[in-house]
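**Student:** Sharing a structure, written as structure tokens. Questions coming.
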Amino acid sequence: MSNEELLNVLERSAKTLLAAPNVVSEEQRRASEQFFLDFEKSGISLETCRQILETSHNDFVLFRVSSLFRHAVLRDWNSLGSDSVDAAHAYLLNYIVNNTSLYSCVREQLVLTLAIIYKRLQIEPDSEKNKQLFDDIAKLTHTGDIYLQLVACSILLALLSEFSSSCRTTSIGLTWEQHNRCKVKFEQSDLKEAFIFCLSTLNNILSKTSASVNHQTLSVIDRLLAILEQVFMWNFTPRVSKHMMCLTNGQASNFHPPIGWRDVILTENITNLLFQVHAKVRDSPSLSTQSLGCLSQLASMNGAIFADEIAHRDFIKCFVQSFVSFVSHVELKSSECLGVATVAKKLLEFTPVWVFLELPEELLSALLSCMTRFTCDFCRLAHLGVENTETMEDGSVYMEALEGSLDAWITIINHAGDFSAGVLRPYAAEIFGTYLQCHLPSLDQQNESLNEFADEDEEDGEKFCDQLFAIGAFARLVLDYSIPLLNRLFHEKLTLLGERLQNINPNAGCSSDDQRILDNVNEHLHWLLLITANVLTSSSDGENALIQDSVIEFTLSDNPNISVAALLSTGVNVASPANTSQTIELIASVFRLAQLETKAFQAGLVAYLSPQVSESLMSLLAPWVAAYLIFEESYYSKMSPVFSFSFGVDSESGIWLIDFILDKVLANLLALNSEAGVVAKTLEVLNALVSKKNRRDVTVKSNAFWNMANSFSANAFPFNVLSPDARKSFCQTLILASSAKVSSEQRNSYIQMVLGSFSTQLTELLRRPDLQTVFHSDAVKAEVQNTFDCLCAVAEAARANSAIVIFEFMFQILVDSVRILDLYHNYEEVVHLILELFSLVTKQLGCYLSKNDSVRMYEVCLLMMQAYSKHNQGRCVVKKDVEEDQFSDLLSLIQMLTNILSKDFISFAEHENGTHVANGTQVDDTDVVLYGINILVPLMSTELLKIPMLCSAYLSLLSYMAEIHASQLSRLHDEIFAKMSSAIEFAIKTHGTEIVRVCLELIASLATYAYEQKPMPEDSILCQFGNHFLKILFEMLLLDTFDVDLMEVASNAVFTLLCCHQNRYCELVNEILRQHLTSPYYQRLLDAFTGLTPPDFQADPNRQNRVKFYERFDQFVVNVRGFMCVR
């Protein structure tokens, strides 16, 4: 059809597509969609695109045709001469400039085509001549016309998007090497030119505008700031980039310009200009965010841009002066707060501390004062109520800004030792005091403002953990201020709470005024406990919990003769002696609260106490016990006599406190067993008492502890009403205590007491005559689940000196578990718990078992897997939306097999002479694991392999097996082995780095075994495996996405396969070369393969040859991927 007819059909189809549903039928709409699809596939010429663009007035048609224009340029690029390309470039620019009413999406499509033409020209031989586009941008800008300036900015934004990273660029048929070459060339000249253009244009705008900026000018500033943001976040290509064969992506977290930018960046003008721009646009939330984003990136600038330390100091000095000047003279708007905090955070994060120390003293003081002011302001605005915010969103913004500013301060606090003594004290004291004031007064308003935008299910200690950590760090800088202040506040609140509780008649209740005061006092105590916890303790993250050095230093000269126990024995409201250590007084205040709570429980006043306070109290005591109570003095270079006297090993006060805490634990369980949060934190305290040897040995000597253990074993109150999770936690604590320093008889008796009830429950269940009719009832099933939950906790808590005893008691339970598995095979949750028990037994107990006990463990594991296999044969998952926790039984089975396989490598069993197996038939770990693999492989469907955790565990098991028992793995049934190979291939093609690493290690292990068995028949399963994966790996390395972190393990796998299958390697190389026979890269490809396997190549996978191959392989992959991968 003619172009005129084509245009008519296009516009009719567009109107049909965009019409309301009641105007056109579904068939008409589908027909129109199909017409556009066919039209786009028809390969129309550039000339046709031009004619439609000139004559159509339908925005939808213009949008689709502008997209086709770009595709036509790329499609016909090789046949277009330079004149045609120039003509297309000129036409597009003139079309955009002359059609001021173009729909924005149409204009952006055409601008993108201009950017792509410019990029494609960069790889042409005369690319240096192709600078017309930047000349056009300059002309558009100098006209002063707002529309033309916006067009110029759109072109620059498109250029930055195309050149910024090879993963964001449009697919234009260039190799990765060419993409990177274009990016480097753009960085060397055009990027800096774009940056200067933006600064110059902004400067011109500021010089011509009055105090207020009109809407049109703001739109230009918006585009200019967007360009600057991209430049400031530019990920500059390193001068020496080893891995150019990978796609660069992402934005830089800091500004790292090259040396050639010094003349532009290292001037006062740029910093002052950006702050002036922000001052002009700060009334616009979106523009304000952009301008502060630019400033935060400028604040993060580092690297070779600074010629020396003086240049770095001078730049930071200029920036700090502008920053302080701005923040000190304005009242920050809600839209600015987070940006200002981010500027401060990046300034401190990326600037070495010595730079700040070399600033003039007045300037450094001004910066710290300024940061203190806005940190305190953010704190007040975030916490003091809705009256300080225009909208509830502002409240959350202030909270986020507070956290950002505290992050900035943490950088300073971490280097507090580098500052002069006392420099940080006034700022730390002000921020700490402000934070306290914001949480203690006006509690009704505070609750409203915080709860509106916070997660109600999250406790304050977790919700504000970062804030509290920072506040604790501030407090430790001024302990002589913070601890006395906390002591005074605790004394006031405890006194008031005690008085109010004494006035309450449990039968008559309390007045509304008393209830309001109680609520306020409890809220005060809640926050005092959270803050005190972060002052006295710090998160240990799995390491030994230690007393903070600053706290030790603060108490070195205190009176060591007054302990916490002595203070508590005088009563709750009795004043402490004048010479009492302030730190001991603070700790005593915490225990006085515990004492007061216990007395209130006994008086029947539980309803008037706050479970939140009880939970916060236990949240403080758990880390405090771990760090302070019966601490190991050898961990410290110096220790305060106060702490040694009150909490040290063999201290009377420490032993007394353990009994006190145990009594408090029991009191909480009796009175607050329905409060899940309180119970969980209480059990954490109990666990802390037995987590370390010194405390554990003292704790197990306490009658209170034994009484709780007996009550638990007898299923007496309150343990019979605890939740399953709480019972599991308590059980774990009891078993952990069994590893204390006691006699063998005591340990056996203790473990029998704890485990006997579980064994009895299972035995009675299996002996029930009506078992087949009641086992599926909710009550019986819940009892079974609770029992196995606790048994898992038992296994998990086993230690070296209790493992063998626990196994003896556990063995019959494991045997009974097989019958229960057979019974409950249709109940996922029960099956998972049973398999999890076996997994934990093999992990926690297996490494301590003797040979005979190990065989017993293997045999019962085999019995369990036979029962599991019987009910899971043919199990197939085809759903695409499978949930990970639906297959936790498979994960536990895999973990069990992995634990068994690793037993011989991690074994602490005593050496035995002349051991034998009673029944004469020995079962070893390999038998068990092979049996398990034969069960697993058919069950691991493609859908299950998509679950990362399950896939990783499964392949790790196979890799481990291939490493130590490759011969047995290679003798799997052909069908099983083939399914295993398919799983490996699927994982390589679909999963990330870590799973691919495991696959490569697995392939290398099997290939190593195959090499050792040479010569192997061509039709053998291992030979077929190696031939297949040699091709798979070549495709992955040369064409697919590849993480450079896998280079070494990939080299090892390829080299080992190459040693085994040299003929297959030669076939693959020749095939690749034939495919590129006419390619301009043919010779480079040939040279690369020759360099990878030179004439003196030794096909022997020993360590020396592996190292040599890796060096060649690394260079090979870098070179070949650069010109073979196309985007």
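Chain lettering (A, B, ...) mirrors the order of the structure tokens, residue numbering begins at 1 for each chain separately, and ligand numbering begins at 1 in order of display.
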Counting only C-alpha atoms, what is within 10 Å of Ala798 in chain A, bar same-chain residues fewer than 4 positions away, as number ranges by chain?
**Tutor:** A: 732, 735-739, 793-794, 802-807, 840-841, 844-845
**Student:** Could those selected residues go to a file with C-alpha atoms, as a PDB file, in the first residue's frame?
**Tutor:**
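Everything below was put into out_2.pdb:
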ATOM      1  CA  GLN A 732      18.022 -26.452  75.030  1.00  0.00           C
ATOM      2  CA  ILE A 735      20.891 -29.722  78.003  1.00  0.00           C
ATOM      3  CA  LEU A 736      23.532 -27.022  77.631  1.00  0.00           C
ATOM      4  CA  ALA A 737      23.805 -27.011  81.417  1.00  0.00           C
ATOM      5  CA  SER A 738      24.579 -30.743  81.339  1.00  0.00           C
ATOM      6  CA  SER A 739      28.033 -29.967  79.967  1.00  0.00           C
ATOM      7  CA  ALA A 793      16.844 -28.607  70.890  1.00  0.00           C
ATOM      8  CA  VAL A 794      18.457 -31.404  72.919  1.00  0.00           C
ATOM      9  CA  SER A 802      27.653 -34.669  77.092  1.00  0.00           C
ATOM     10  CA  ALA A 803      27.343 -35.935  73.507  1.00  0.00           C
ATOM     11  CA  ILE A 804      27.950 -39.633  74.139  1.00  0.00           C
ATOM     12  CA  VAL A 805      25.562 -39.766  77.095  1.00  0.00           C
ATOM     13  CA  ILE A 806      22.890 -37.948  75.105  1.00  0.00           C
ATOM     14  CA  PHE A 807      23.318 -40.354  72.186  1.00  0.00           C
ATOM     15  CA  LEU A 840      21.111 -32.457  64.206  1.00  0.00           C
ATOM     16  CA  VAL A 841      22.115 -35.785  65.746  1.00  0.00           C
ATOM     17  CA  GLN A 844      26.158 -32.358  66.883  1.00  0.00           C
ATOM     18  CA  LEU A 845      26.725 -35.887  68.181  1.00  0.00           C
TER      19      LEU A 845
END
**Student:** Applying 7 Å and only C-alpha atoms, which residues near Gly648 in chain A remain after dropping the ones on its own chain fewer than 5 positions away? List them as a ChimeraX atom specification.
**Tutor:** /A:629-631,643,654
**Student:** List as a PyMOL selection string the protein and nucleic acid residues near Gln602 in chain A, meaning an atom at most 12 Å away when only C-alpha atoms are counted, but skip any in the same chain fewer than 3 places from it.
**Tutor:** chain A and resi 506+595-599+605-607+664+667-668+670-671
**Student:** Tell me, as JSON, numbers by chain, which residues lie within 12 Å of Gly992 in chain A, counting only C-alpha atoms; anything in the same chain fewer than 6 positions away does not count.
**Tutor:** {"A": [946, 947, 948, 949, 951, 952, 986, 998, 999, 1041, 1042, 1043, 1045, 1046]}
**Student:** Please, could you write that set of residues out with N, CA and C atoms as a compact mmCIF listing (two decimals), in the first residue's frame?
**Tutor:**
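This is the output file out.txt:
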# COMPACT_ATOMS: atom_id res chain seq x y z
N LYS A 946 15.04 -24.74 41.34
CA LYS A 946 14.94 -23.29 41.25
C LYS A 946 15.01 -22.63 42.62
N ILE A 947 14.84 -23.43 43.68
CA ILE A 947 14.92 -22.88 45.04
C ILE A 947 16.40 -22.81 45.43
N PRO A 948 16.98 -21.60 45.55
CA PRO A 948 18.43 -21.48 45.72
C PRO A 948 19.00 -22.26 46.90
N MET A 949 18.37 -22.16 48.08
CA MET A 949 18.92 -22.84 49.25
C MET A 949 18.93 -24.35 49.07
N CYS A 951 18.81 -26.05 46.18
CA CYS A 951 19.73 -26.40 45.10
C CYS A 951 21.18 -26.35 45.58
N SER A 952 21.52 -25.32 46.34
CA SER A 952 22.89 -25.19 46.84
C SER A 952 23.27 -26.35 47.76
N PHE A 986 21.51 -27.42 34.69
CA PHE A 986 20.44 -26.45 34.97
C PHE A 986 20.92 -25.39 35.96
N VAL A 998 29.96 -24.17 43.17
CA VAL A 998 29.84 -25.56 43.64
C VAL A 998 29.78 -26.52 42.45
N CYS A 999 29.04 -26.15 41.42
CA CYS A 999 28.95 -27.00 40.21
C CYS A 999 30.31 -27.20 39.58
N THR A 1041 26.63 -14.89 30.52
CA THR A 1041 27.02 -14.08 31.66
C THR A 1041 27.98 -14.87 32.55
N PHE A 1042 29.05 -14.21 32.96
CA PHE A 1042 30.07 -14.91 33.74
C PHE A 1042 30.65 -13.97 34.79
N ASP A 1043 30.67 -14.43 36.04
CA ASP A 1043 31.21 -13.64 37.14
C ASP A 1043 32.71 -13.88 37.23
N ASP A 1045 34.62 -13.54 39.57
CA ASP A 1045 35.04 -14.18 40.81
C ASP A 1045 35.16 -15.70 40.66
N LEU A 1046 34.58 -16.23 39.59
CA LEU A 1046 34.64 -17.68 39.34
C LEU A 1046 35.83 -18.07 38.48
**Student:** Please determine, counting only C-alpha atoms, which residue among A:Leu157, A:Leu468, A:Met1016, A:Leu1068 has the shortest atom-to-atom distance to Ile1032 in chain A.
**Tutor:**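 Of A:Leu157, A:Leu468, A:Met1016, A:Leu1068, the one nearest Ile1032 in chain A, counting only C-alpha atoms, is A:Leu1068.
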**Student:** For range 634-638 of chain A, work out the shell of residues within 12 Å, counting only C-alpha atoms and skipping chain neighbours fewer than 3 positions away, then give it as a CSV table (one decimal) with N, CA and C atoms, in the first residue's frame.
**Tutor:**
chain,number,residue,atom,x,y,z
A,544,ASN,N,33.0,-13.3,71.9
A,544,ASN,CA,32.8,-13.2,73.3
A,544,ASN,C,32.3,-11.9,73.7
A,545,ALA,N,31.2,-11.9,74.5
A,545,ALA,CA,30.7,-10.6,75.0
A,545,ALA,C,31.6,-10.1,76.1
A,546,LEU,N,32.0,-8.8,75.9
A,546,LEU,CA,33.0,-8.2,76.8
A,546,LEU,C,32.5,-6.9,77.4
A,547,ILE,N,33.0,-6.5,78.5
A,547,ILE,CA,32.8,-5.2,79.1
A,547,ILE,C,33.5,-4.2,78.3
A,548,GLN,N,32.8,-3.1,78.1
A,548,GLN,CA,33.5,-2.0,77.3
A,548,GLN,C,34.7,-1.4,78.0
A,549,ASP,N,35.7,-1.1,77.3
A,549,ASP,CA,37.0,-0.6,77.9
A,549,ASP,C,36.7,0.7,78.6
A,550,SER,N,35.8,1.6,77.9
A,550,SER,CA,35.5,2.9,78.5
A,550,SER,C,34.8,2.7,79.9
A,551,VAL,N,34.0,1.7,80.0
A,551,VAL,CA,33.3,1.5,81.3
A,551,VAL,C,34.3,1.0,82.3
A,552,ILE,N,35.2,0.1,81.9
A,552,ILE,CA,36.2,-0.3,82.9
A,552,ILE,C,37.1,0.9,83.3
A,553,GLU,N,37.5,1.7,82.4
A,553,GLU,CA,38.3,2.9,82.7
A,553,GLU,C,37.6,3.8,83.7
A,555,THR,N,35.5,3.1,86.0
A,555,THR,CA,35.3,2.6,87.3
A,555,THR,C,36.6,2.2,88.0
A,556,LEU,N,37.8,2.4,87.4
A,556,LEU,CA,39.0,2.0,87.9
A,556,LEU,C,39.3,2.6,89.3
A,627,ALA,N,28.2,-10.5,79.4
A,627,ALA,CA,29.5,-9.7,79.5
A,627,ALA,C,30.1,-9.6,80.9
A,628,TYR,N,29.2,-9.4,81.9
A,628,TYR,CA,29.7,-9.0,83.2
A,628,TYR,C,29.7,-10.1,84.2
A,630,ILE,N,30.4,-13.3,86.3
A,630,ILE,CA,31.4,-14.3,86.4
A,630,ILE,C,32.2,-14.2,85.1
A,631,PHE,N,32.7,-13.0,84.8
A,631,PHE,CA,33.5,-12.8,83.5
A,631,PHE,C,34.9,-13.5,83.6
A,641,PRO,N,38.7,-3.1,89.9
A,641,PRO,CA,38.5,-3.9,91.1
A,641,PRO,C,37.0,-3.9,91.5
A,643,PHE,N,34.4,-4.3,89.5
A,643,PHE,CA,33.8,-5.4,88.8
A,643,PHE,C,34.3,-6.8,89.3
A,644,SER,N,35.6,-6.9,89.6
A,644,SER,CA,36.1,-8.1,90.1
A,644,SER,C,35.4,-8.5,91.4
A,648,GLY,N,33.2,-11.0,89.6
A,648,GLY,CA,34.3,-11.8,89.1
A,648,GLY,C,34.1,-13.3,89.5
A,649,VAL,N,35.0,-14.1,89.0
A,649,VAL,CA,34.9,-15.6,89.3
A,649,VAL,C,35.1,-15.7,90.8
**Student:** List every residue of range 585-787 of chain A that DSSP, applied to the backbone, labels as helix (DSSP H, G or I), and write the result as number ranges by chain.
**Tutor:** A: 585-602, 606-608, 611-628, 633-635, 641-647, 652-671, 676-690, 693-699, 703-713, 719-721, 724-737, 744-767, 771-774, 778-787
**Student:** Interatomic distance between CA of Ala953 in chain A and CA of Tyr1011 in chain A?
**Tutor:**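 Value for the CA of Ala953 in chain A-CA of Tyr1011 in chain A distance: 26.7 Å.
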**Student:** A:Ala31, A:Val23, A:Val700, A:Ile661: which is nearest Val9 in chain A, counting only C-alpha atoms?
**Tutor:**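 With only C-alpha atoms as the atom set, the closest residue is A:Ala31.
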**Student:** Determine the nearest neighbour of Val830 in chain A from the options A:Thr495, A:Asn786, A:Ser757, A:Gln1024, counting only C-alpha atoms.
**Tutor:**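 Residue with the minimum atom-to-atom distance to Val830 in chain A: A:Asn786.
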**Student:** Work out how far apart CA of Gly509 in chain A and CA of His439 in chain A are and give it in Å to one decimal.
**Tutor:** 28.0 Å
**Student:** Considering only C-alpha atoms, give me a table of residues in range 368-428 of chain A that are at most 12 Å from range 306-330 of chain A, with the closest atom pair and distance in Å for each, as JSON lines.
**Tutor:**
{"residue": "A:Leu368", "atom": "CA", "partner": "A:Val324", "partner_atom": "CA", "distance": 9.3}
{"residue": "A:Ser369", "atom": "CA", "partner": "A:Val324", "partner_atom": "CA", "distance": 9.2}
{"residue": "A:Cys370", "atom": "CA", "partner": "A:Val324", "partner_atom": "CA", "distance": 6.5}
{"residue": "A:Met371", "atom": "CA", "partner": "A:Val324", "partner_atom": "CA", "distance": 8.8}
{"residue": "A:Thr372", "atom": "CA", "partner": "A:Ser328", "partner_atom": "CA", "distance": 11.3}
{"residue": "A:Arg373", "atom": "CA", "partner": "A:Ser328", "partner_atom": "CA", "distance": 9.0}
{"residue": "A:Phe374", "atom": "CA", "partner": "A:Val327", "partner_atom": "CA", "distance": 8.3}
{"residue": "A:Thr375", "atom": "CA", "partner": "A:Val327", "partner_atom": "CA", "distance": 11.7}
**Student:** Leaving out Leu489 in chain A and any residue of its chain fewer than 2 positions from it, which residues lie within 10 Å of it when counting only C-alpha atoms, given as a list in words?
**Tutor:**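 Contacts, in chain order: Leu436, Leu440, Ile483, Pro484, Leu485, Leu486, Asn487, His491, Glu492, Lys493, Leu494, Thr495, His524, Leu525, Leu528 and Ser589 of chain A.
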**Student:** Take the residues that were just selected and, keeping N, CA, C and O atoms, output them as a PDB file, in the first residue's frame.
**Tutor:**
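After the write, selection05.pdb holds the following:
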ATOM      1  N   LEU A 436      17.400  11.498  75.512  1.00  0.00           N
ATOM      2  CA  LEU A 436      16.670  11.140  76.739  1.00  0.00           C
ATOM      3  C   LEU A 436      15.425  12.009  76.908  1.00  0.00           C
ATOM      4  O   LEU A 436      14.333  11.510  77.196  1.00  0.00           O
ATOM      5  N   LEU A 440      11.394  10.720  77.409  1.00  0.00           N
ATOM      6  CA  LEU A 440      10.808  10.687  78.745  1.00  0.00           C
ATOM      7  C   LEU A 440       9.612  11.617  78.932  1.00  0.00           C
ATOM      8  O   LEU A 440       8.613  11.208  79.497  1.00  0.00           O
ATOM      9  N   ILE A 483      26.015   8.324  83.147  1.00  0.00           N
ATOM     10  CA  ILE A 483      25.646   7.341  84.176  1.00  0.00           C
ATOM     11  C   ILE A 483      24.987   8.005  85.386  1.00  0.00           C
ATOM     12  O   ILE A 483      23.943   7.527  85.854  1.00  0.00           O
ATOM     13  N   PRO A 484      25.521   9.117  85.931  1.00  0.00           N
ATOM     14  CA  PRO A 484      24.788   9.779  87.024  1.00  0.00           C
ATOM     15  C   PRO A 484      23.390  10.228  86.601  1.00  0.00           C
ATOM     16  O   PRO A 484      22.441  10.156  87.397  1.00  0.00           O
ATOM     17  N   LEU A 485      23.244  10.698  85.358  1.00  0.00           N
ATOM     18  CA  LEU A 485      21.932  11.106  84.880  1.00  0.00           C
ATOM     19  C   LEU A 485      20.972   9.924  84.839  1.00  0.00           C
ATOM     20  O   LEU A 485      19.820  10.015  85.285  1.00  0.00           O
ATOM     21  N   LEU A 486      21.442   8.791  84.331  1.00  0.00           N
ATOM     22  CA  LEU A 486      20.593   7.591  84.297  1.00  0.00           C
ATOM     23  C   LEU A 486      20.257   7.129  85.712  1.00  0.00           C
ATOM     24  O   LEU A 486      19.124   6.708  85.990  1.00  0.00           O
ATOM     25  N   ASN A 487      21.227   7.234  86.616  1.00  0.00           N
ATOM     26  CA  ASN A 487      20.965   6.848  88.012  1.00  0.00           C
ATOM     27  C   ASN A 487      19.861   7.707  88.621  1.00  0.00           C
ATOM     28  O   ASN A 487      18.955   7.199  89.292  1.00  0.00           O
ATOM     29  N   HIS A 491      16.241   6.316  89.815  1.00  0.00           N
ATOM     30  CA  HIS A 491      15.810   6.467  91.213  1.00  0.00           C
ATOM     31  C   HIS A 491      14.436   7.137  91.277  1.00  0.00           C
ATOM     32  O   HIS A 491      13.546   6.689  92.028  1.00  0.00           O
ATOM     33  N   GLU A 492      14.235   8.188  90.479  1.00  0.00           N
ATOM     34  CA  GLU A 492      12.940   8.884  90.484  1.00  0.00           C
ATOM     35  C   GLU A 492      11.820   7.948  90.037  1.00  0.00           C
ATOM     36  O   GLU A 492      10.754   7.896  90.661  1.00  0.00           O
ATOM     37  N   LYS A 493      12.034   7.239  88.965  1.00  0.00           N
ATOM     38  CA  LYS A 493      10.963   6.405  88.401  1.00  0.00           C
ATOM     39  C   LYS A 493      10.674   5.196  89.289  1.00  0.00           C
ATOM     40  O   LYS A 493       9.509   4.825  89.479  1.00  0.00           O
ATOM     41  N   LEU A 494      11.731   4.602  89.848  1.00  0.00           N
ATOM     42  CA  LEU A 494      11.503   3.452  90.722  1.00  0.00           C
ATOM     43  C   LEU A 494      10.777   3.863  91.993  1.00  0.00           C
ATOM     44  O   LEU A 494       9.892   3.140  92.489  1.00  0.00           O
ATOM     45  N   THR A 495      11.149   5.021  92.511  1.00  0.00           N
ATOM     46  CA  THR A 495      10.468   5.515  93.713  1.00  0.00           C
ATOM     47  C   THR A 495       8.992   5.765  93.430  1.00  0.00           C
ATOM     48  O   THR A 495       8.105   5.356  94.205  1.00  0.00           O
ATOM     49  N   HIS A 524       8.675   5.465  80.681  1.00  0.00           N
ATOM     50  CA  HIS A 524       9.991   5.997  81.042  1.00  0.00           C
ATOM     51  C   HIS A 524      10.972   4.854  81.310  1.00  0.00           C
ATOM     52  O   HIS A 524      12.103   4.863  80.815  1.00  0.00           O
ATOM     53  N   LEU A 525      10.546   3.913  82.131  1.00  0.00           N
ATOM     54  CA  LEU A 525      11.430   2.797  82.486  1.00  0.00           C
ATOM     55  C   LEU A 525      11.791   1.965  81.258  1.00  0.00           C
ATOM     56  O   LEU A 525      12.931   1.497  81.135  1.00  0.00           O
ATOM     57  N   LEU A 528      14.485   3.910  79.505  1.00  0.00           N
ATOM     58  CA  LEU A 528      15.704   3.923  80.322  1.00  0.00           C
ATOM     59  C   LEU A 528      16.427   2.576  80.229  1.00  0.00           C
ATOM     60  O   LEU A 528      17.658   2.517  80.151  1.00  0.00           O
ATOM     61  N   SER A 589      20.256  -0.426  90.115  1.00  0.00           N
ATOM     62  CA  SER A 589      18.922   0.099  89.792  1.00  0.00           C
ATOM     63  C   SER A 589      18.155  -0.861  88.899  1.00  0.00           C
ATOM     64  O   SER A 589      16.942  -1.044  89.052  1.00  0.00           O
TER      65      SER A 589
END
**Student:** Between range 520-610 of chain A and range 500-505 of chain A, at 9 Å or less, what are the per-residue closest atom pairs and their distances in Å? Count only C-alpha atoms, order by chain and rising residue number, and return it as a Markdown table.
**Tutor:**
| residue | atom | partner | partner_atom | distance |
| --- | --- | --- | --- | --- |
| A:Ala600 | CA | A:Leu501 | CA | 7.5 |
| A:Leu605 | CA | A:Leu501 | CA | 7.6 |
| A:Tyr608 | CA | A:Leu501 | CA | 7.8 |
| A:Leu609 | CA | A:Leu501 | CA | 8.9 |
**Student:** Since we have the selection now, will you write its residues out, keeping N, CA and C atoms, as a compact mmCIF listing (two decimals), in the first residue's frame?
**Tutor:**
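Written out: again.txt:
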# COMPACT_ATOMS: atom_id res chain seq x y z
N ALA A 600 5.77 -7.26 93.31
CA ALA A 600 4.43 -6.94 92.78
C ALA A 600 3.72 -8.20 92.32
N LEU A 605 -0.29 -7.91 91.87
CA LEU A 605 -0.41 -6.67 91.11
C LEU A 605 0.10 -6.81 89.67
N TYR A 608 -1.04 -4.44 86.90
CA TYR A 608 -0.64 -3.04 86.93
C TYR A 608 0.81 -2.83 86.50
N LEU A 609 1.46 -3.91 86.12
CA LEU A 609 2.83 -3.83 85.61
C LEU A 609 2.81 -3.89 84.09
**Student:** List the spatial neighbours of Ile431 in chain A as a list in words - criterion: any atom at most 8 Å away, only C-alpha atoms, same-chain residues fewer than 4 positions off excluded.
**Tutor:** Thr372, Thr375, Cys376, Tyr427, Tyr435, Ile471 and Phe474 of chain A
**Student:** In Å to one decimal, how far is CA of Ile562 in chain A from CA of Pro577 in chain A?
**Tutor:** 8.6 Å
**Student:** Kindly indicate which residue among A:Glu33, A:Asp407, A:Glu543, A:Glu358 lies nearest to Phe419 in chain A, using only C-alpha atoms for the distances.
**Tutor:** A:Glu358
**Student:** Nearest residue to Ile413 in chain A out of A:His256, A:Arg476, A:His526, A:Lys346, using only C-alpha atoms?
**Tutor:**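 Closest to Ile413 in chain A, using only C-alpha atoms: A:Arg476.
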